[in-house]
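Colleague: Okay, here's the structure, questions in a sec.
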Amino acid sequence: MYALDQQAAREADQIGSYLNESGKYKGRLLRAEKLLSKQKGTHGVGFTFEAEDKRTTRFDVWTINGKGEHLPGYKFINALLACMKVRQVTEGRAKVDRYNWDTKQTEQVDATVFPELMNKPVGLVLRNTEYEKMRDGMLTGETGWRLEPVLPFDAEHEFTSSEILDRKTKPEKLGAVLATLADRPLKKRAVAATADHSAAQPRSGGSGFEDMDDDSIPF
C-alpha cells in the first residue's frame with residue numbers, strides 16, 4: 001500500500017512557505033520595486049521579504065503623496081537605509097513576480113527596482129494586521145490578515161536605525177518593541193474606499209535619518 005515517496009517525505013517536516021506570525025525576522029529583500037499609484041500619484045516601494053527559513057511575505061510601503069508630502073512610510077524607508085548602511089539608492093530593471101487577476105496566476109514581468117536594497121542581510125519586525133479586502137476599487141465585505149512592517153533593524157548586531165546613527169554600543173530598542181508587539185485586529189470598517197491603496201500606510205518608527213548631515217552618518 002505504501003512505498004517511499006521521497007517528495008512527500010521531504011515535505012512532511014517543512015513549514016508553510018509564507019510568513020504569517022507577528023515577530024522578529026532576519027533575511028533579505030528579494031524585491032524592492034518602485035511603485036506609483038495611478039489615481040493619486042503616490043510613490044512607494046513594493047517589497048518581497050524572504051526570512052532565513054525561506055518563508056516569504058510581500059508588503060508595500062507608501063512614502064510620498066502626489067502633493068510631495070512625506071507619508072509615514074518615508075521614515076520607514078530611511079530607517080531601512082540606515083540599517084542596511086545604504087546612503088542612496090539608484091533605479092534599475094529586473095524581473096519581478098506579479099499576480100495577474102485575470103489569469104489567476106503569478107507572472108514574471110519587467111519592473112523598476114532599487115538594487116541596493118535587494119539581496120542583503122536585513123532584519124524586520126513584522127505585525128500581523130487585519131484588513132478589509134478590495135477588488136477593482138470596491139470593498140468585498142471580506143477581511144483578511146497580512147504582515148506589515150513595524151521596524152527594520154541591523155541583522156548582524158540588532159541595532160535599530162537611531163542606535164546606528166547615534167553610534168550606540170548596545171542594542172536596546174528592539175527588545176522594547178518586541179515586548180509590546182501584538183497582532184492588530186480591525187477596529188472599524190472604512191466608510192469609503194478607493195483603488196488607491198496608498199491610504200493604508202504601515203506605521204513605523206522614525207529613523208532621524210533625513211535630519212542628519214553627511215558628516216554625522218557613521219557609514
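Within each chain, counting starts at residue 1; across the C-alpha cells, chains are named A, B, ... in the order shown, with ligands numbered 1 upward in that order.
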Which residues of region 51-125 of chain A come within 7 Å of region 146-157 of chain A, and for each one, what is the closest pair of atoms and their distance in Å to one decimal, counting only C-alpha atoms, sorted by chain and residue number, as JSON lines?
Modeller:
{"residue": "A:Phe59", "atom": "CA", "partner": "A:Glu148", "partner_atom": "CA", "distance": 6.4}
{"residue": "A:Ala79", "atom": "CA", "partner": "A:Pro152", "partner_atom": "CA", "distance": 6.6}
{"residue": "A:Leu80", "atom": "CA", "partner": "A:Pro152", "partner_atom": "CA", "distance": 5.7}
{"residue": "A:Cys83", "atom": "CA", "partner": "A:Asp154", "partner_atom": "CA", "distance": 4.9}
{"residue": "A:Met84", "atom": "CA", "partner": "A:Asp154", "partner_atom": "CA", "distance": 6.6}
{"residue": "A:Pro121", "atom": "CA", "partner": "A:Ala155", "partner_atom": "CA", "distance": 6.0}
{"residue": "A:Val122", "atom": "CA", "partner": "A:Ala155", "partner_atom": "CA", "distance": 4.8}
{"residue": "A:Gly123", "atom": "CA", "partner": "A:Ala155", "partner_atom": "CA", "distance": 4.7}
{"residue": "A:Leu124", "atom": "CA", "partner": "A:Pro152", "partner_atom": "CA", "distance": 4.4}
{"residue": "A:Val125", "atom": "CA", "partner": "A:Leu151", "partner_atom": "CA", "distance": 5.1}
Colleague: DSSP on the backbone, then: every residue of region 3-200 of chain A marked alpha helix (DSSP H), written as a PyMOL selection string.
Modeller: chain A and resi 6-11+72-84+161-165+173-179
Colleague: Could those residues be written to a file, using C-alpha atoms, as a compact mmCIF listing (two decimals), in the first residue's frame?
Modeller:
# COMPACT_ATOMS: atom_id res chain seq x y z
CA GLN A 6 10.73 10.93 -1.37
CA GLN A 7 8.98 14.20 -2.17
CA ALA A 8 6.22 13.56 0.35
CA ALA A 9 8.82 12.62 2.95
CA ARG A 10 10.71 15.86 2.34
CA GLU A 11 7.56 17.95 2.62
CA PRO A 72 4.70 57.64 7.48
CA GLY A 73 6.34 55.10 5.18
CA TYR A 74 9.00 57.66 4.26
CA LYS A 75 10.53 57.31 7.72
CA PHE A 76 10.45 53.51 7.43
CA ILE A 77 12.40 53.63 4.15
CA ASN A 78 15.01 55.93 5.67
CA ALA A 79 15.29 53.65 8.70
CA LEU A 80 15.80 50.74 6.30
CA LEU A 81 18.59 52.61 4.52
CA ALA A 82 20.34 53.24 7.82
CA CYS A 83 20.02 49.62 8.96
CA MET A 84 21.40 48.38 5.62
CA SER A 161 18.33 52.90 12.81
CA SER A 162 18.58 55.55 15.53
CA GLU A 163 21.03 53.40 17.51
CA ILE A 164 23.22 53.08 14.42
CA LEU A 165 23.15 56.81 13.74
CA LYS A 173 15.26 49.40 21.37
CA LEU A 174 14.47 46.19 19.50
CA GLY A 175 13.74 44.33 22.71
CA ALA A 176 11.41 47.07 23.88
CA VAL A 177 9.47 46.96 20.60
CA LEU A 178 9.13 43.17 20.73
CA ALA A 179 7.90 43.31 24.32
Colleague: Measuring between only C-alpha atoms, which one of A:Leu4, A:Asn100, A:Gln39, A:Arg87 shows the shortest distance to Gly137 (chain A)?
Modeller: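 Using only C-alpha atoms, Gly137 (chain A) sits closest to A:Gln39.
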Colleague: Would you give me, as a CSV table (one decimal) with N, CA, C and O atoms, in the first residue's frame, the residues in region 145-197 of chain A that DSSP reads as strand (DSSP E)?
Modeller:
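Final output, saved to result.csv:
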chain,number,residue,atom,x,y,z
A,145,TRP,N,-5.8,38.7,6.8
A,145,TRP,CA,-4.7,39.1,7.6
A,145,TRP,C,-3.5,39.2,6.8
A,145,TRP,O,-3.3,38.4,5.9
A,146,ARG,N,-2.6,40.2,7.1
A,146,ARG,CA,-1.3,40.3,6.3
A,146,ARG,C,-0.3,40.9,7.3
A,146,ARG,O,-0.6,41.6,8.2
A,147,LEU,N,1.0,40.6,7.0
A,147,LEU,CA,2.1,41.1,7.8
A,147,LEU,C,2.4,42.5,7.3
A,147,LEU,O,2.6,42.7,6.1
A,148,GLU,N,2.6,43.4,8.2
A,148,GLU,CA,3.0,44.8,7.8
A,148,GLU,C,4.3,45.1,8.6
A,148,GLU,O,4.5,44.7,9.8
A,149,PRO,N,5.2,45.9,8.0
A,149,PRO,CA,6.4,46.2,8.7
A,149,PRO,C,6.3,47.2,9.8
A,149,PRO,O,5.5,48.1,9.7
A,150,VAL,N,6.9,46.9,10.9
A,150,VAL,CA,6.9,47.8,12.0
A,150,VAL,C,8.2,48.6,12.2
A,150,VAL,O,8.3,49.8,12.3
A,151,LEU,N,9.3,47.8,12.0
A,151,LEU,CA,10.6,48.4,12.3
A,151,LEU,C,11.7,47.5,11.6
A,151,LEU,O,11.7,46.3,11.8
A,152,PRO,N,12.6,48.1,10.9
A,152,PRO,CA,13.8,47.4,10.4
A,152,PRO,C,14.9,47.4,11.4
A,152,PRO,O,14.9,48.3,12.3
A,153,PHE,N,15.8,46.5,11.4
A,153,PHE,CA,17.0,46.5,12.3
A,153,PHE,C,18.2,45.9,11.6
A,153,PHE,O,18.0,45.1,10.6
Colleague: CA of Gln88 (chain A) and CA of Glu107 (chain A), how far apart in Å?
Modeller: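 Going from CA of Glu107 (chain A) over to CA of Gln88 (chain A), I get 29.5 Å.
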Colleague: Would you please work out which residue, of A:Met134, A:Ala111, A:Val96, A:Leu126, is nearest to Asp183 (chain A) when using only C-alpha atoms?
Modeller: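 Of the candidates, the smallest distance to Asp183 (chain A) is held by A:Leu126.
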Colleague: Which residues, written as a list in words, have at least one atom at most 9 Å from Arg93 (chain A), with only C-alpha atoms counted and residues fewer than 4 positions away on the same chain left out?
Modeller: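 Counting only C-alpha atoms, the residues come to Asp110, Ala111, Thr112, Val113, Phe114 and Pro115 of chain A.
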Colleague: Now that the selection is made, can you save its residues with all heavy atoms as a PDB file, in the first residue's frame?
Modeller:
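Written output follows (part.pdb):
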ATOM      1  N   ASP A 110       8.878  42.725 -16.221  1.00  0.00           N
ATOM      2  CA  ASP A 110       9.957  43.693 -16.047  1.00  0.00           C
ATOM      3  C   ASP A 110       9.463  44.848 -15.182  1.00  0.00           C
ATOM      4  O   ASP A 110       8.340  45.334 -15.355  1.00  0.00           O
ATOM      5  CB  ASP A 110      10.417  44.229 -17.408  1.00  0.00           C
ATOM      6  CG  ASP A 110      11.222  43.207 -18.189  1.00  0.00           C
ATOM      7  OD1 ASP A 110      12.095  42.570 -17.581  1.00  0.00           O
ATOM      8  OD2 ASP A 110      10.969  43.046 -19.398  1.00  0.00           O
ATOM      9  N   ALA A 111      10.294  45.311 -14.261  1.00  0.00           N
ATOM     10  CA  ALA A 111       9.897  46.391 -13.367  1.00  0.00           C
ATOM     11  C   ALA A 111      11.116  47.216 -12.973  1.00  0.00           C
ATOM     12  O   ALA A 111      12.263  46.759 -13.071  1.00  0.00           O
ATOM     13  CB  ALA A 111       9.214  45.844 -12.126  1.00  0.00           C
ATOM     14  N   THR A 112      10.865  48.435 -12.518  1.00  0.00           N
ATOM     15  CA  THR A 112      11.917  49.286 -11.972  1.00  0.00           C
ATOM     16  C   THR A 112      12.128  48.924 -10.510  1.00  0.00           C
ATOM     17  O   THR A 112      11.171  48.859  -9.732  1.00  0.00           O
ATOM     18  CB  THR A 112      11.541  50.767 -12.092  1.00  0.00           C
ATOM     19  OG1 THR A 112      11.336  51.094 -13.477  1.00  0.00           O
ATOM     20  CG2 THR A 112      12.642  51.660 -11.532  1.00  0.00           C
ATOM     21  N   VAL A 113      13.377  48.682 -10.130  1.00  0.00           N
ATOM     22  CA  VAL A 113      13.695  48.264  -8.762  1.00  0.00           C
ATOM     23  C   VAL A 113      14.827  49.126  -8.212  1.00  0.00           C
ATOM     24  O   VAL A 113      15.480  49.882  -8.938  1.00  0.00           O
ATOM     25  CB  VAL A 113      14.102  46.777  -8.714  1.00  0.00           C
ATOM     26  CG1 VAL A 113      12.964  45.889  -9.193  1.00  0.00           C
ATOM     27  CG2 VAL A 113      15.359  46.526  -9.541  1.00  0.00           C
ATOM     28  N   PHE A 114      15.057  48.982  -6.894  1.00  0.00           N
ATOM     29  CA  PHE A 114      16.171  49.644  -6.219  1.00  0.00           C
ATOM     30  C   PHE A 114      17.173  48.560  -5.816  1.00  0.00           C
ATOM     31  O   PHE A 114      17.040  47.938  -4.749  1.00  0.00           O
ATOM     32  CB  PHE A 114      15.675  50.410  -4.998  1.00  0.00           C
ATOM     33  CG  PHE A 114      14.637  51.458  -5.335  1.00  0.00           C
ATOM     34  CD1 PHE A 114      13.330  51.316  -4.897  1.00  0.00           C
ATOM     35  CD2 PHE A 114      14.968  52.571  -6.097  1.00  0.00           C
ATOM     36  CE1 PHE A 114      12.372  52.269  -5.195  1.00  0.00           C
ATOM     37  CE2 PHE A 114      14.022  53.529  -6.416  1.00  0.00           C
ATOM     38  CZ  PHE A 114      12.715  53.383  -5.972  1.00  0.00           C
ATOM     39  N   PRO A 115      18.193  48.298  -6.652  1.00  0.00           N
ATOM     40  CA  PRO A 115      19.103  47.161  -6.441  1.00  0.00           C
ATOM     41  C   PRO A 115      19.846  47.200  -5.109  1.00  0.00           C
ATOM     42  O   PRO A 115      20.152  46.145  -4.541  1.00  0.00           O
ATOM     43  CB  PRO A 115      20.090  47.277  -7.615  1.00  0.00           C
ATOM     44  CG  PRO A 115      19.368  48.075  -8.653  1.00  0.00           C
ATOM     45  CD  PRO A 115      18.510  49.035  -7.895  1.00  0.00           C
TER      46      PRO A 115
END
Colleague: Give me, as a count of residues only, all polymer residues having an atom no more than 9 Å from Gln108 (chain A), counting only C-alpha atoms and skipping those fewer than 2 positions away in the same chain.
Modeller: 7
Colleague: Identify, on the basis of only C-alpha atoms, every residue whose closest approach to Leu186 (chain A) does not exceed 10 Å; exclude the query and any residue fewer than 3 positions from it along the same chain; express the result as a list in words.
Modeller: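 What passes the distance filter is Thr129, Glu130, Tyr131, Glu132, Thr143, Gly144, Trp145, Asp183, Arg189 and Ala190 of chain A.
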Colleague: Write out, as a PDB file, in the first residue's frame, the residues just selected, with C-alpha atoms.
Modeller:
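After the write, result31.pdb holds the following:
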ATOM      1  CA  THR A 129      -2.691  43.086  10.749  1.00  0.00           C
ATOM      2  CA  GLU A 130      -6.333  42.538   9.789  1.00  0.00           C
ATOM      3  CA  TYR A 131      -7.538  44.424   6.709  1.00  0.00           C
ATOM      4  CA  GLU A 132     -10.607  44.826   4.529  1.00  0.00           C
ATOM      5  CA  THR A 143     -11.414  40.637   5.790  1.00  0.00           C
ATOM      6  CA  GLY A 144      -8.016  39.002   5.822  1.00  0.00           C
ATOM      7  CA  TRP A 145      -4.708  39.124   7.643  1.00  0.00           C
ATOM      8  CA  ASP A 183      -1.476  41.315  16.332  1.00  0.00           C
ATOM      9  CA  ARG A 189     -14.590  49.376   8.858  1.00  0.00           C
ATOM     10  CA  ALA A 190     -13.848  52.190   6.453  1.00  0.00           C
TER      11      ALA A 190
END
Colleague: Would you mind listing what lies within 9 Å of Leu29 (chain A) as a list in words, with only C-alpha atoms counted and same-chain residues fewer than 4 positions away left out?
Modeller: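 Neighbouring residues, sequence-local ones excluded: Phe47, Thr48, Phe49, Glu50, Ala51, Leu117, Met118, Asn119, Lys120, Pro121 and Val122 of chain A.
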